[in-house]
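I have placed the structure first, in the form of structure tokens, so that the comments after it can refer back to it.
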Amino acid sequence: MKTAIIYATSHGTTEKVCKTIAAKIDQSDLIDLKKTGPIDLSSYGQAIIGGSIHAGRIQKRVQSFCQNNRDRMLQMRIGLFICAMNEAEFEKELNLAFPEWIRNHAISKKVTGGEFLFEKMNFIERFLIKKISGISQSVSNIDYSKIDELVAEMSQ
Ligand SMILES: Cc1cc2nc3c(=O)[nH]c(=O)nc-3n(C[C@H](O)[C@H](O)[C@H](O)COP(=O)(O)O)c2cc1C
């Protein structure tokens with residue numbers, strides 16, 4: 001069964017997570033929503049959809065993709081994940097990121113942690129992150145155990 005790994009990324013962390021997932025799943029294709037037009041899901045048996053949280057929200061591209069492909073996705077095995085850094089909000093952010101119909105249908109839902117990559121942030125982002133989190137240097141908190149759980153659940 002082929003797997004589509006569909007994602008949006010701002011600074012590359014979600015893409016990094018997707019590449020890690022792809023390396024662990026046979027017959028998977030990586031699809032960056034920023035670089036592609038309409039996606040034909042007919043040749044895929046399952047899809048993993050991921051994005052990252054900025055100011056509490058997932059990318060609009062991910063929201064629109066879910067909305068526009070609802071009927072097909074309800075016929076597929078679905079995995080969902082977000083990259084995020086504010087652990088206290090993880091559950092809330094995951095619930096807000098994906099609509100209820102797809103969360104109820106999904107086989108696997110994970111928060112895979114994230115990264116603050118200061119070298120990729122613009123001035124305002126740098127200022128905000130320093131102010132809100134108190135962090136002023138790049139840090140990687142990717143939770144590889146959550147990636148493994150996602151892969152295991154999608155491979156059952
Ligand atoms: C400007 C900015 C705002 C962010 N806001 C949130 C947030 O509200 N909640 C959260 O959990 N993480 C937040 N993060 C952390 C991102 O989710 C994290 O950096 C993630 O790894 C980004 O992935 P990407 O590079 O694929 O976009 C924020 C990061 C930035 C740079």
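Chain labels follow the order of the structure tokens: the first chain is A, the next B, and so on; residue numbering restarts at 1 in every chain, and ligands are counted from 1 in their shown order.
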
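Around Ser138 in chain A, within 9 Å and counting only C-alpha atoms, the residues found are Glu115, Phe116, Leu117, Phe118, Glu119, Ile135, Ser136 and Ser140 of chain A, once anything fewer than 2 positions away on its own chain is removed.
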
Residues within 7 Å of ligand 1 should be enumerated using only C-alpha atoms and all ligand atoms and returned as a PDB file with N, CA, C and O atoms, in the first residue's frame.
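Listed below is the output, out-v2.pdb:
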ATOM      1  N   ALA A   8       3.060  20.865   5.361  1.00  0.00           N
ATOM      2  CA  ALA A   8       3.455  22.269   5.187  1.00  0.00           C
ATOM      3  C   ALA A   8       4.503  22.564   6.255  1.00  0.00           C
ATOM      4  O   ALA A   8       4.401  22.066   7.382  1.00  0.00           O
ATOM      5  N   THR A   9       5.492  23.354   5.890  1.00  0.00           N
ATOM      6  CA  THR A   9       6.567  23.661   6.830  1.00  0.00           C
ATOM      7  C   THR A   9       6.961  25.122   6.668  1.00  0.00           C
ATOM      8  O   THR A   9       6.921  25.657   5.555  1.00  0.00           O
ATOM      9  N   SER A  10       7.332  25.773   7.765  1.00  0.00           N
ATOM     10  CA  SER A  10       7.774  27.168   7.662  1.00  0.00           C
ATOM     11  C   SER A  10       9.291  27.279   7.679  1.00  0.00           C
ATOM     12  O   SER A  10       9.887  27.948   6.853  1.00  0.00           O
ATOM     13  N   HIS A  11       9.923  26.569   8.624  1.00  0.00           N
ATOM     14  CA  HIS A  11      11.384  26.650   8.743  1.00  0.00           C
ATOM     15  C   HIS A  11      12.068  25.304   8.505  1.00  0.00           C
ATOM     16  O   HIS A  11      13.261  25.170   8.768  1.00  0.00           O
ATOM     17  N   GLY A  12      11.304  24.308   8.063  1.00  0.00           N
ATOM     18  CA  GLY A  12      11.912  23.037   7.663  1.00  0.00           C
ATOM     19  C   GLY A  12      11.796  21.894   8.657  1.00  0.00           C
ATOM     20  O   GLY A  12      12.147  20.764   8.333  1.00  0.00           O
ATOM     21  N   THR A  13      11.288  22.165   9.858  1.00  0.00           N
ATOM     22  CA  THR A  13      11.241  21.084  10.857  1.00  0.00           C
ATOM     23  C   THR A  13      10.194  20.019  10.504  1.00  0.00           C
ATOM     24  O   THR A  13      10.470  18.819  10.605  1.00  0.00           O
ATOM     25  N   THR A  14       9.030  20.449  10.060  1.00  0.00           N
ATOM     26  CA  THR A  14       8.008  19.466   9.676  1.00  0.00           C
ATOM     27  C   THR A  14       8.515  18.615   8.505  1.00  0.00           C
ATOM     28  O   THR A  14       8.279  17.401   8.460  1.00  0.00           O
ATOM     29  N   GLU A  15       9.248  19.250   7.613  1.00  0.00           N
ATOM     30  CA  GLU A  15       9.822  18.495   6.494  1.00  0.00           C
ATOM     31  C   GLU A  15      10.824  17.456   7.012  1.00  0.00           C
ATOM     32  O   GLU A  15      10.853  16.316   6.547  1.00  0.00           O
ATOM     33  N   GLY A  51       1.753  19.415   9.865  1.00  0.00           N
ATOM     34  CA  GLY A  51       2.037  20.846   9.747  1.00  0.00           C
ATOM     35  C   GLY A  51       2.599  21.334  11.066  1.00  0.00           C
ATOM     36  O   GLY A  51       2.754  20.548  12.006  1.00  0.00           O
ATOM     37  N   SER A  52       2.892  22.623  11.120  1.00  0.00           N
ATOM     38  CA  SER A  52       3.460  23.153  12.362  1.00  0.00           C
ATOM     39  C   SER A  52       2.580  24.269  12.913  1.00  0.00           C
ATOM     40  O   SER A  52       1.787  24.869  12.187  1.00  0.00           O
ATOM     41  N   ILE A  53       2.747  24.509  14.204  1.00  0.00           N
ATOM     42  CA  ILE A  53       1.903  25.487  14.901  1.00  0.00           C
ATOM     43  C   ILE A  53       2.647  26.812  15.045  1.00  0.00           C
ATOM     44  O   ILE A  53       3.777  26.850  15.541  1.00  0.00           O
ATOM     45  N   HIS A  54       1.990  27.880  14.597  1.00  0.00           N
ATOM     46  CA  HIS A  54       2.497  29.246  14.787  1.00  0.00           C
ATOM     47  C   HIS A  54       1.349  30.068  15.348  1.00  0.00           C
ATOM     48  O   HIS A  54       0.272  30.083  14.745  1.00  0.00           O
ATOM     49  N   ALA A  55       1.598  30.717  16.481  1.00  0.00           N
ATOM     50  CA  ALA A  55       0.546  31.474  17.177  1.00  0.00           C
ATOM     51  C   ALA A  55      -0.721  30.625  17.342  1.00  0.00           C
ATOM     52  O   ALA A  55      -1.835  31.078  17.102  1.00  0.00           O
ATOM     53  N   GLY A  56      -0.524  29.373  17.725  1.00  0.00           N
ATOM     54  CA  GLY A  56      -1.649  28.496  18.059  1.00  0.00           C
ATOM     55  C   GLY A  56      -2.310  27.787  16.899  1.00  0.00           C
ATOM     56  O   GLY A  56      -3.190  26.947  17.109  1.00  0.00           O
ATOM     57  N   ARG A  57      -1.916  28.113  15.672  1.00  0.00           N
ATOM     58  CA  ARG A  57      -2.632  27.585  14.497  1.00  0.00           C
ATOM     59  C   ARG A  57      -1.724  26.822  13.551  1.00  0.00           C
ATOM     60  O   ARG A  57      -0.558  27.189  13.389  1.00  0.00           O
ATOM     61  N   CYS A  83       3.991  19.647  14.477  1.00  0.00           N
ATOM     62  CA  CYS A  83       5.217  20.076  15.146  1.00  0.00           C
ATOM     63  C   CYS A  83       4.866  21.299  15.979  1.00  0.00           C
ATOM     64  O   CYS A  83       4.220  22.222  15.463  1.00  0.00           O
ATOM     65  N   ALA A  84       5.286  21.295  17.222  1.00  0.00           N
ATOM     66  CA  ALA A  84       4.972  22.411  18.117  1.00  0.00           C
ATOM     67  C   ALA A  84       5.954  22.400  19.277  1.00  0.00           C
ATOM     68  O   ALA A  84       6.598  21.378  19.551  1.00  0.00           O
ATOM     69  N   MET A  85       6.057  23.545  19.960  1.00  0.00           N
ATOM     70  CA  MET A  85       7.052  23.675  21.032  1.00  0.00           C
ATOM     71  C   MET A  85       6.445  23.945  22.402  1.00  0.00           C
ATOM     72  O   MET A  85       7.131  23.810  23.414  1.00  0.00           O
ATOM     73  N   ASN A  86       5.184  24.343  22.447  1.00  0.00           N
ATOM     74  CA  ASN A  86       4.584  24.717  23.727  1.00  0.00           C
ATOM     75  C   ASN A  86       3.855  23.513  24.323  1.00  0.00           C
ATOM     76  O   ASN A  86       2.652  23.316  24.120  1.00  0.00           O
ATOM     77  N   GLU A  87       4.600  22.741  25.085  1.00  0.00           N
ATOM     78  CA  GLU A  87       4.095  21.445  25.552  1.00  0.00           C
ATOM     79  C   GLU A  87       2.758  21.546  26.289  1.00  0.00           C
ATOM     80  O   GLU A  87       1.897  20.680  26.139  1.00  0.00           O
ATOM     81  N   GLU A  89       0.330  23.227  25.669  1.00  0.00           N
ATOM     82  CA  GLU A  89      -0.795  23.449  24.739  1.00  0.00           C
ATOM     83  C   GLU A  89      -0.924  22.342  23.691  1.00  0.00           C
ATOM     84  O   GLU A  89      -1.782  22.428  22.815  1.00  0.00           O
ATOM     85  N   PHE A  90      -0.087  21.329  23.769  1.00  0.00           N
ATOM     86  CA  PHE A  90      -0.025  20.330  22.688  1.00  0.00           C
ATOM     87  C   PHE A  90      -1.401  19.756  22.326  1.00  0.00           C
ATOM     88  O   PHE A  90      -1.767  19.699  21.155  1.00  0.00           O
ATOM     89  N   GLY A 113       6.796  17.251  18.798  1.00  0.00           N
ATOM     90  CA  GLY A 113       7.746  18.261  19.260  1.00  0.00           C
ATOM     91  C   GLY A 113       8.135  19.171  18.108  1.00  0.00           C
ATOM     92  O   GLY A 113       7.437  19.213  17.087  1.00  0.00           O
ATOM     93  N   GLY A 114       9.230  19.891  18.250  1.00  0.00           N
ATOM     94  CA  GLY A 114       9.618  20.815  17.184  1.00  0.00           C
ATOM     95  C   GLY A 114      10.988  21.407  17.429  1.00  0.00           C
ATOM     96  O   GLY A 114      11.779  20.867  18.215  1.00  0.00           O
ATOM     97  N   GLU A 115      11.227  22.513  16.764  1.00  0.00           N
ATOM     98  CA  GLU A 115      12.524  23.191  16.897  1.00  0.00           C
ATOM     99  C   GLU A 115      12.299  24.704  16.863  1.00  0.00           C
ATOM    100  O   GLU A 115      11.395  25.167  16.175  1.00  0.00           O
ATOM    101  N   PHE A 116      13.146  25.439  17.555  1.00  0.00           N
ATOM    102  CA  PHE A 116      13.279  26.865  17.307  1.00  0.00           C
ATOM    103  C   PHE A 116      14.583  27.051  16.531  1.00  0.00           C
ATOM    104  O   PHE A 116      15.661  26.762  17.064  1.00  0.00           O
ATOM    105  N   LEU A 117      14.473  27.502  15.297  1.00  0.00           N
ATOM    106  CA  LEU A 117      15.657  27.685  14.452  1.00  0.00           C
ATOM    107  C   LEU A 117      15.852  29.186  14.227  1.00  0.00           C
ATOM    108  O   LEU A 117      15.296  29.767  13.285  1.00  0.00           O
ATOM    109  N   MET A 121      14.538  32.380  11.367  1.00  0.00           N
ATOM    110  CA  MET A 121      13.443  33.284  11.746  1.00  0.00           C
ATOM    111  C   MET A 121      13.725  34.697  11.231  1.00  0.00           C
ATOM    112  O   MET A 121      14.888  35.099  11.134  1.00  0.00           O
ATOM    113  N   GLU A 125       9.838  37.317  14.330  1.00  0.00           N
ATOM    114  CA  GLU A 125       9.724  35.978  14.923  1.00  0.00           C
ATOM    115  C   GLU A 125      10.741  35.807  16.049  1.00  0.00           C
ATOM    116  O   GLU A 125      10.412  35.315  17.133  1.00  0.00           O
ATOM    117  N   LEU A 128       9.623  37.758  19.075  1.00  0.00           N
ATOM    118  CA  LEU A 128       8.465  37.142  19.748  1.00  0.00           C
ATOM    119  C   LEU A 128       8.864  35.899  20.528  1.00  0.00           C
ATOM    120  O   LEU A 128       8.473  35.711  21.676  1.00  0.00           O
ATOM    121  N   ILE A 129       9.655  35.046  19.901  1.00  0.00           N
ATOM    122  CA  ILE A 129      10.035  33.787  20.560  1.00  0.00           C
ATOM    123  C   ILE A 129      10.875  34.069  21.802  1.00  0.00           C
ATOM    124  O   ILE A 129      10.652  33.474  22.865  1.00  0.00           O
TER     125      ILE A 129
END

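Using only C-alpha atoms, the smallest distance between any of A:Gly134, A:Gly37, A:Gly50, A:Gly45 and Ile6 in chain A comes from A:Gly50.
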
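Neighbouring residues of Ser64 in chain A at 12 Å or closer, counting only C-alpha atoms and skipping chain neighbours under 3 positions away, are A:Tyr7, A:Ala8, A:Leu33, A:Pro38, A:Ile49, A:Ile58, A:Gln59, A:Lys60, A:Arg61, A:Gln67, A:Asn68, A:Asn69, A:Arg70, A:Ala97, A:Phe98, A:Pro99.
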
Given the selection you just returned, output its residues as a file containing N, CA and C atoms, formatted as an mmCIF file, in the first residue's frame.
data_model
loop_
_atom_site.group_PDB
_atom_site.id
_atom_site.type_symbol
_atom_site.label_atom_id
_atom_site.label_comp_id
_atom_site.auth_asym_id
_atom_site.auth_seq_id
_atom_site.Cartn_x
_atom_site.Cartn_y
_atom_site.Cartn_z
ATOM 1 N N TYR A 7 2.559 17.643 3.700
ATOM 2 C CA TYR A 7 2.933 18.540 4.791
ATOM 3 C C TYR A 7 3.072 19.997 4.349
ATOM 4 N N ALA A 8 3.060 20.865 5.361
ATOM 5 C CA ALA A 8 3.455 22.269 5.187
ATOM 6 C C ALA A 8 4.503 22.564 6.255
ATOM 7 N N LEU A 33 2.960 20.859 0.441
ATOM 8 C CA LEU A 33 1.770 21.584 -0.040
ATOM 9 C C LEU A 33 2.113 22.935 -0.666
ATOM 10 N N PRO A 38 -3.087 20.585 -7.102
ATOM 11 C CA PRO A 38 -4.023 19.587 -6.578
ATOM 12 C C PRO A 38 -3.366 18.202 -6.529
ATOM 13 N N ILE A 49 -0.637 13.367 7.359
ATOM 14 C CA ILE A 49 -0.722 14.809 7.120
ATOM 15 C C ILE A 49 -0.126 15.551 8.314
ATOM 16 N N ILE A 58 -2.313 25.841 12.877
ATOM 17 C CA ILE A 58 -1.590 25.130 11.812
ATOM 18 C C ILE A 58 -1.690 25.955 10.519
ATOM 19 N N GLN A 59 -0.826 25.678 9.561
ATOM 20 C CA GLN A 59 -0.849 26.407 8.279
ATOM 21 C C GLN A 59 -2.227 26.278 7.593
ATOM 22 N N LYS A 60 -2.652 27.370 6.959
ATOM 23 C CA LYS A 60 -3.932 27.386 6.225
ATOM 24 C C LYS A 60 -3.946 26.319 5.129
ATOM 25 N N ARG A 61 -2.794 26.111 4.509
ATOM 26 C CA ARG A 61 -2.687 25.113 3.432
ATOM 27 C C ARG A 61 -3.114 23.727 3.910
ATOM 28 N N GLN A 67 -10.006 20.056 4.098
ATOM 29 C CA GLN A 67 -11.365 20.432 3.685
ATOM 30 C C GLN A 67 -11.677 19.967 2.263
ATOM 31 N N ASN A 68 -10.707 20.167 1.351
ATOM 32 C CA ASN A 68 -10.937 19.884 -0.070
ATOM 33 C C ASN A 68 -10.869 18.407 -0.422
ATOM 34 N N ASN A 69 -10.346 17.583 0.479
ATOM 35 C CA ASN A 69 -10.167 16.156 0.153
ATOM 36 C C ASN A 69 -10.905 15.247 1.127
ATOM 37 N N ARG A 70 -11.925 15.803 1.758
ATOM 38 C CA ARG A 70 -12.631 15.092 2.814
ATOM 39 C C ARG A 70 -13.155 13.707 2.365
ATOM 40 N N ALA A 97 -5.934 22.046 15.217
ATOM 41 C CA ALA A 97 -5.264 21.965 13.909
ATOM 42 C C ALA A 97 -6.082 21.184 12.884
ATOM 43 N N PHE A 98 -6.765 20.139 13.353
ATOM 44 C CA PHE A 98 -7.484 19.263 12.419
ATOM 45 C C PHE A 98 -8.958 19.184 12.814
ATOM 46 N N PRO A 99 -9.871 19.228 11.816
ATOM 47 C CA PRO A 99 -11.296 19.177 12.151
ATOM 48 C C PRO A 99 -11.688 17.825 12.769
#

What's the 12 Å shell around Ser145 in chain A, counting only C-alpha atoms, without same-chain residues fewer than 2 positions away, as a PyMOL selection string? chain A and resi 17+20-21+110-113+141-143+147-152

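With only C-alpha atoms as the basis for measurement, A:Ile31 is the residue among A:Ile31, A:Ala22, A:Ala88, A:Met76 that approaches Val62 in chain A most closely.
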
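Atom to atom, CA of Lys2 in chain A and CA of Gln46 in chain A stand 6.6 Å apart.
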
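Proximity ranking of A:Ser108, A:Glu91, A:Leu96, A:Leu41 relative to Gln75 in chain A places A:Leu41 first, based on only C-alpha atoms.
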
Can you tell me, as a PyMOL selection string, which residues in range 4-151 of chain A count as alpha helix (DSSP H) by DSSP? chain A and resi 13-24+60-68+70-73+90-97+100-105+123-133+144-151

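If you measure from each of A:Trp101, A:Phe127, A:Phe65, A:Tyr144 to Ala47 in chain A using only C-alpha atoms, the closest one turns out to be A:Phe65.
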